[in-house]
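Colleague: My structure is in entry-v8.cif, and what it holds is mmCIF, C-alpha atoms:
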```cif
data_my_file
#
loop_
_atom_site.label_atom_id
_atom_site.label_comp_id
_atom_site.auth_asym_id
_atom_site.auth_seq_id
_atom_site.Cartn_x
_atom_site.Cartn_y
_atom_site.Cartn_z
CA MET A 199 -30.46 46.32 53.33
CA HIS A 200 -28.39 49.48 53.15
CA VAL A 201 -29.19 51.98 50.36
CA THR A 202 -27.01 55.00 49.63
CA VAL A 203 -28.77 57.98 48.09
CA ARG A 204 -26.85 60.85 46.55
CA THR A 205 -28.13 64.31 47.39
CA HIS A 206 -26.08 66.03 44.67
CA PRO A 207 -25.55 65.01 41.04
CA PRO A 208 -22.09 63.87 39.89
CA GLN A 209 -19.90 66.65 38.55
CA THR A 210 -19.86 66.90 34.77
CA LEU A 211 -18.70 69.47 32.27
CA VAL A 212 -21.00 72.44 31.79
CA GLY A 213 -23.59 71.74 29.11
CA SER A 214 -22.77 68.05 28.78
CA THR A 215 -24.75 65.03 29.87
CA PRO A 216 -23.28 61.65 30.71
CA PRO A 217 -23.64 58.91 28.10
CA PRO A 218 -26.77 56.74 28.33
CA ALA A 219 -24.85 53.77 29.75
CA GLU A 220 -23.51 55.88 32.62
CA ARG A 221 -26.97 57.26 33.34
CA ARG A 222 -28.35 53.70 33.51
CA ILE A 223 -25.56 52.65 35.87
CA ALA A 224 -26.22 55.65 38.11
CA ALA A 225 -29.95 54.93 38.19
CA ARG A 226 -29.38 51.25 38.96
CA SER A 227 -26.85 51.94 41.68
CA ALA A 228 -29.29 54.31 43.37
CA ARG A 229 -31.85 51.48 43.50
CA THR A 230 -29.52 48.69 44.63
CA GLY A 231 -26.79 48.91 47.19
CA ARG A 232 -25.18 45.54 46.48
CA LYS A 233 -21.75 45.71 44.90
CA GLU A 234 -21.96 42.41 43.03
CA VAL A 235 -25.15 43.45 41.23
CA ASN A 236 -23.67 46.81 40.29
CA GLN A 237 -20.50 45.17 38.98
CA LEU A 238 -22.53 42.76 36.85
CA LEU A 239 -24.62 45.62 35.44
CA LYS A 240 -21.44 47.54 34.63
CA LEU A 241 -20.10 44.46 32.82
CA PHE A 242 -23.29 44.18 30.73
CA ASP A 243 -23.14 47.88 29.83
CA TYR A 244 -19.46 47.57 28.90
CA LEU A 245 -20.16 44.57 26.65
CA GLU A 246 -23.05 46.44 25.03
CA ARG A 247 -20.83 49.45 24.25
CA LEU A 248 -18.05 47.17 23.00
CA ASN A 249 -20.39 45.29 20.68
CA ARG A 250 -21.93 48.48 19.31
CA SER A 251 -18.63 50.28 18.61
CA ASP A 252 -16.84 47.38 16.85
CA SER A 253 -19.57 46.53 14.35
CA GLU A 254 -18.77 49.38 11.93
CA ALA A 255 -14.98 49.27 12.31
CA GLY A 256 -14.83 45.55 11.52
CA GLN A 257 -16.80 45.98 8.32
CA THR A 258 -14.55 48.82 7.18
CA MET A 259 -11.36 46.80 7.75
CA ALA A 260 -12.84 43.83 5.88
CA GLU A 261 -13.72 46.06 2.94
CA TYR A 262 -10.18 47.45 2.83
CA GLY A 263 -8.79 43.91 2.89
CA VAL A 264 -10.96 42.83 -0.05
CA VAL A 265 -9.98 45.91 -2.09
CA LEU A 266 -6.29 45.32 -1.34
CA ALA A 267 -6.56 41.66 -2.40
CA VAL A 268 -8.26 42.57 -5.70
CA ILE A 269 -5.66 45.26 -6.48
CA THR A 270 -2.79 42.86 -5.66
CA ILE A 271 -4.20 40.16 -7.94
CA ALA A 272 -4.68 42.71 -10.75
CA VAL A 273 -1.07 43.98 -10.44
CA PHE A 274 0.39 40.46 -10.50
CA GLY A 275 -1.82 39.55 -13.47
CA ALA A 276 -0.70 42.64 -15.41
CA LEU A 277 2.96 41.90 -14.66
CA ALA A 278 2.54 38.30 -15.82
CA LEU A 279 0.87 39.38 -19.07
CA LEU A 280 3.42 42.11 -19.80
CA SER A 281 6.53 40.30 -18.56
CA GLY A 282 7.86 39.62 -22.08
CA ASN A 283 7.50 43.26 -23.12
CA ILE A 284 9.03 44.46 -19.83
CA VAL A 285 12.11 42.24 -20.31
CA ASN A 286 12.56 43.54 -23.90
CA ALA A 287 12.28 47.17 -22.78
CA VAL A 288 14.79 46.71 -19.95
CA SER A 289 17.21 44.95 -22.35
CA ARG A 290 16.96 47.85 -24.84
CA VAL A 291 17.66 50.42 -22.12
CA ALA A 292 20.62 48.33 -20.88
CA GLY A 293 21.95 48.23 -24.46
CA TYR A 294 21.79 52.03 -24.77
CA ILE A 295 23.61 52.53 -21.46
CA SER A 296 26.51 50.14 -22.17
#
```
So, in terms of structure tokens, how does the structure I just supplied come out?

Modeller:
Amino acid sequence: MHVTVRTHPPQTLVGSTPPPAERRIAARSARTGRKEVNQLLKLFDYLERLNRSDSEAGQTMAEYGVVLAVITIAVFGALALLSGNIVNAVSRVAGYIS
């Protein structure tokens, strides 16, 4: 088994630390030298980040959709209730213009 050990840390911006997922990947790759294991661990970390980041955004979009549906129903209901008065008002304005 061939193990590669880094003698210097990866270059990062001054004062910043890599995200936890990248630190786990670096620690795992130092322990195992097999590419297929490292690729599988990277896939698991990617899926974990993907699952964590989408949970809040999906709820927000669903909330916006519900609010939009309620407002649309309210507008159509108001137009249906006031349609007779709206037609009379438009007819009066048309009579003044002509």

Colleague: Between CA of Glu220 (chain A) and CA of Leu248 (chain A), what is the distance, to one decimal in Å?

Modeller: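 We find that CA of Glu220 (chain A) and CA of Leu248 (chain A) lie 14.1 Å from each other.
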
Colleague: Measure the distance from CA of Ile269 (chain A) to CA of Gly282 (chain A) in Å and round it to one decimal.

Modeller: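 That distance, rounded to one decimal, is 21.4 Å.
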
Colleague: Extending 6 Å beyond the listed atoms of region 268-281 of chain A on each side, what axis-aligned box results? I want centre and edge lengths in Å to one decimal, as lines of an AutoDock Vina configuration file.

Modeller:
```
center_x = -0.9
center_y = 41.8
center_z = -12.7
size_x = 26.8
size_y = 19.0
size_z = 26.1
```

Colleague: Work out how far apart CA of Ala292 (chain A) and CA of Ala276 (chain A) are and give it in Å to one decimal.

Modeller: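 Atom-to-atom, CA of Ala292 (chain A) and CA of Ala276 (chain A) are spaced 22.7 Å apart.
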
Colleague: Under the rule that only C-alpha atoms are counted, which of A:Ser281, A:Ala267, A:Arg222, A:Ala287 is the nearest residue to Asp243 (chain A)?

Modeller: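 So, comparing all the options, the nearest one is A:Arg222.
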